[in-house]
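Student: Below is the structure I would like to discuss, written out as structure tokens.
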Amino acid sequence: MTRRWPLLLSLLPLLLGLAVYGQFWRGWAADFETTLGRWFPGSGAQVSGFPYRLEAELAGVSLAHQGGTQLALAVQKLRLNRGPWRPELTVLQGQEVALAAAAAGLSAKVSAASATASLKLVNDANGLQRLGRLSIILPGARGTLAPGGSTAFRAETLELHAREMFGAQSLAEPASPRLPQRGQFVVGATGFAAGQGAPISLAADLIVRGGGRLDDYRRWADGGGSLDLVMTGSDATGEIFKLDASVVPLGASTRLAGTIATVCPLTVQAAMNGTAPPAEQRLRAPITLALETSLPLTGVAALTGLPADLATRARRGQLPACPRLR
């Protein structure tokens, strides 16, 4: 027995350290459970994962927000993870996930058998909690877009990223009449196909401008809020189109105005108007078309600028024909 005392004495600091750490971990776990109670009322989430992580599993998650912007989330099984020292970052893994959003006559729904996401919350200079980043990855996504009618789409991989932008307006443009940037929404998709369209890659970057924080859709829309949209579509051969536009909410509809640079102008025109696409070879040099339309579409999109000599312009005959976009 006397020989064991030195060993026990040497282990005592370790045991004390584990006991102290256990108390800290329990406190972090209690904070996480409180947070989950706010996010998912009535879930009764229990946190496990000692000692390396904080983890909770939920079943049958269903959340909805009604208002000027309507949002809905449904997840059959949801796992949430945090590092004990990283309360600002939460990693989520879901099974049988469905998302839906609607505003100003536009709506989108997407579902996937599985999804991964990360949520980062940060505090600004005033101590207010803001959305630092929300990233969602949905492999094998399926859904519908409804900017006028309902168009089904699929994607090999769909990525959605959002963040809140805060701070002073850019000092480079102190007299700019445009409202400051308040948020950013980024979409990336591979193998994206709308309706009967061919799979392409999509990349969209949307900047939200407004007079204040993006916590009330009606206040943002009535206060002169707008969106700056840049979206490109490409396939293995190269870029098919690039849309650069401004989007303004107008009551129950949305006004979109901008330009489209494309090597497949007739194909793009057919996709926007919902007509059968013509057989078209890619132009050697892209042309720029002007676009102005209301969403949801109530008629033919106002796409102008097709040159009179389009039929005689140089084409890339050695490349595949323009893909069907819708």
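For the structure tokens, the naming scheme is as follows: chains receive sequential letters (A, B, ...) according to their order of presentation, residues are indexed from 1 within each chain, and ligands are indexed from 1 in presentation order.
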When you look at A:Val110 with a cut-off of 12 Å (counting only C-alpha atoms), what residues show up, excluding the ones that are within fewer than 5 positions of it in the same chain? I need them as a count of residues only.
Tutor: 31
Student: Mind the document's chain letters and residue numbers, and return as a ChimeraX atom specification the residues of stretch 92-255 of chain A that DSSP labels helix (DSSP H, G or I).
Tutor: /A:217-222
Student: Could you please take those selected residues and save N, CA, C and O atoms as an mmCIF file, in the first residue's frame?
Tutor:
```
data_model
loop_
_atom_site.group_PDB
_atom_site.id
_atom_site.type_symbol
_atom_site.label_atom_id
_atom_site.label_comp_id
_atom_site.auth_asym_id
_atom_site.auth_seq_id
_atom_site.Cartn_x
_atom_site.Cartn_y
_atom_site.Cartn_z
ATOM 1 N N TYR A 217 -38.531 42.770 -43.260
ATOM 2 C CA TYR A 217 -38.630 42.882 -44.713
ATOM 3 C C TYR A 217 -39.383 44.132 -45.135
ATOM 4 O O TYR A 217 -38.949 44.843 -46.045
ATOM 5 N N ARG A 218 -40.520 44.424 -44.508
ATOM 6 C CA ARG A 218 -41.326 45.558 -44.936
ATOM 7 C C ARG A 218 -40.584 46.869 -44.745
ATOM 8 O O ARG A 218 -40.621 47.739 -45.611
ATOM 9 N N ARG A 219 -39.879 47.021 -43.620
ATOM 10 C CA ARG A 219 -39.118 48.246 -43.404
ATOM 11 C C ARG A 219 -38.006 48.374 -44.434
ATOM 12 O O ARG A 219 -37.732 49.470 -44.940
ATOM 13 N N TRP A 220 -37.366 47.237 -44.758
ATOM 14 C CA TRP A 220 -36.312 47.275 -45.776
ATOM 15 C C TRP A 220 -36.881 47.651 -47.133
ATOM 16 O O TRP A 220 -36.334 48.508 -47.829
ATOM 17 N N ALA A 221 -37.978 47.033 -47.546
ATOM 18 C CA ALA A 221 -38.568 47.302 -48.867
ATOM 19 C C ALA A 221 -39.093 48.726 -48.960
ATOM 20 O O ALA A 221 -38.867 49.413 -49.966
ATOM 21 N N ASP A 222 -39.778 49.207 -47.921
ATOM 22 C CA ASP A 222 -40.342 50.558 -47.948
ATOM 23 C C ASP A 222 -39.272 51.627 -47.799
ATOM 24 O O ASP A 222 -39.498 52.790 -48.153
#
```
Student: List as a ChimeraX atom specification the protein and nucleic acid residues near A:Thr35, meaning an atom at most 12 Å away when only C-alpha atoms are counted, but skip any in the same chain fewer than 4 places from it.
Tutor: /A:28-31,39-47,56,80,82,87-88,90
Student: Export C-alpha atoms of the chosen residues as a compact mmCIF listing (two decimals), in the first residue's frame?
Tutor:
```
# COMPACT_ATOMS: atom_id res chain seq x y z
CA TRP A 28 -20.82 25.23 -21.46
CA ALA A 29 -23.28 22.40 -22.05
CA ALA A 30 -25.97 24.24 -20.05
CA ASP A 31 -25.39 27.38 -22.14
CA TRP A 39 -33.67 28.07 -31.54
CA PHE A 40 -35.97 25.06 -31.22
CA PRO A 41 -38.65 25.82 -28.62
CA GLY A 42 -39.98 22.78 -26.82
CA SER A 43 -37.26 20.47 -28.15
CA GLY A 44 -35.86 19.64 -24.70
CA ALA A 45 -32.41 19.15 -26.22
CA GLN A 46 -29.83 17.33 -24.09
CA VAL A 47 -26.14 17.98 -24.72
CA ALA A 56 -27.12 17.39 -29.39
CA LEU A 80 -25.57 19.96 -33.79
CA ARG A 82 -19.87 22.92 -30.96
CA PRO A 87 -19.64 29.08 -28.74
CA GLU A 88 -19.85 31.33 -31.81
CA THR A 90 -22.16 25.60 -34.62
```
Student: Write out as an MDAnalysis selection string which residues come within 12 Å of stretch 232-238 of chain A when counting only C-alpha atoms, dropping same-chain ones fewer than 5 positions away.
Tutor: chainID A and resid 186:193 198:206 243:245 259:264 268 282:284 286 316 318:325
Student: In stretch 83-315 of chain A, what's strand (DSSP E) per DSSP? Answer as a PyMOL selection string?
Tutor: chain A and resi 89-103+106-123+129-145+151-164+181-194+200-209+226-235+238-250+253-262+287-295+302-304
Student: Which residues come within 10 Å of A:Arg178, counting only C-alpha atoms, excluding same-chain residues fewer than 6 positions away, as a list in words?
Tutor: Arg209, Gly210, Gly211, Gly224, Gly225 and Ser226 of chain A
Student: Which residue is closest to A:Asp216? Choose from A:Thr288, A:Lys242, A:Val122, A:His65 and count only C-alpha atoms.
Tutor: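 Smallest distance to A:Asp216 is found for A:His65.
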Student: Quick one: residues within 7 Å of A:Lys120, only C-alpha atoms counted, chain neighbours fewer than 6 positions away excluded, as an MDAnalysis selection string?
Tutor: chainID A and resid 88:90 131:134
Student: In Å to one decimal, how far is atom CA of A:Glu239 from atom CA of A:Thr312?
Tutor: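 It comes out at 21.4 Å.
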Student: Identify, on the basis of only C-alpha atoms, every residue whose closest approach to A:Leu92 does not exceed 6 Å; exclude the query and any residue fewer than 3 positions from it along the same chain; express the result as a PyMOL selection string.
Tutor: chain A and resi 79-80+116-118
Student: Output all heavy atoms for every residue in the selection just made, as a compact mmCIF listing (two decimals), in the first residue's frame.
Tutor:
```txt
# COMPACT_ATOMS: atom_id res chain seq x y z
N ARG A 79 -28.30 16.89 -36.14
CA ARG A 79 -27.22 16.81 -35.16
C ARG A 79 -26.49 18.15 -35.14
O ARG A 79 -26.13 18.68 -36.20
CB ARG A 79 -26.26 15.69 -35.50
CG ARG A 79 -25.06 15.58 -34.55
CD ARG A 79 -24.15 14.44 -34.95
NE ARG A 79 -24.84 13.16 -34.82
CZ ARG A 79 -24.33 12.01 -35.27
NH1 ARG A 79 -23.17 12.00 -35.90
NH2 ARG A 79 -25.00 10.89 -35.10
N LEU A 80 -26.25 18.68 -33.95
CA LEU A 80 -25.57 19.96 -33.79
C LEU A 80 -24.33 19.77 -32.94
O LEU A 80 -24.37 19.09 -31.91
CB LEU A 80 -26.49 20.99 -33.14
CG LEU A 80 -27.84 21.25 -33.83
CD1 LEU A 80 -28.93 20.45 -33.14
CD2 LEU A 80 -28.20 22.72 -33.83
N THR A 116 -25.22 19.46 -44.81
CA THR A 116 -24.33 19.93 -43.75
C THR A 116 -24.37 21.45 -43.76
O THR A 116 -24.58 22.08 -44.79
CB THR A 116 -22.89 19.45 -43.99
OG1 THR A 116 -22.44 19.90 -45.28
CG2 THR A 116 -22.81 17.94 -43.92
N ALA A 117 -24.18 22.03 -42.59
CA ALA A 117 -24.24 23.48 -42.48
C ALA A 117 -23.34 23.94 -41.34
O ALA A 117 -23.00 23.17 -40.42
CB ALA A 117 -25.68 23.93 -42.22
N SER A 118 -22.94 25.19 -41.41
CA SER A 118 -22.21 25.82 -40.31
C SER A 118 -22.80 27.20 -40.07
O SER A 118 -23.12 27.92 -41.02
CB SER A 118 -20.71 25.92 -40.62
OG SER A 118 -20.47 26.75 -41.73
```
Student: Suppose you want the space between atom CA of A:Leu256 and atom CA of A:Leu229; what is it in Å?
Tutor: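 Straight-line distance from atom CA of A:Leu256 to atom CA of A:Leu229 works out to 9.4 Å.
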Student: Would you compute the distance between atom CA of A:Ala308 and atom CA of A:Ala270? Give it in Å to one decimal.
Tutor: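 Value for the atom CA of A:Ala308-atom CA of A:Ala270 distance: 17.6 Å.
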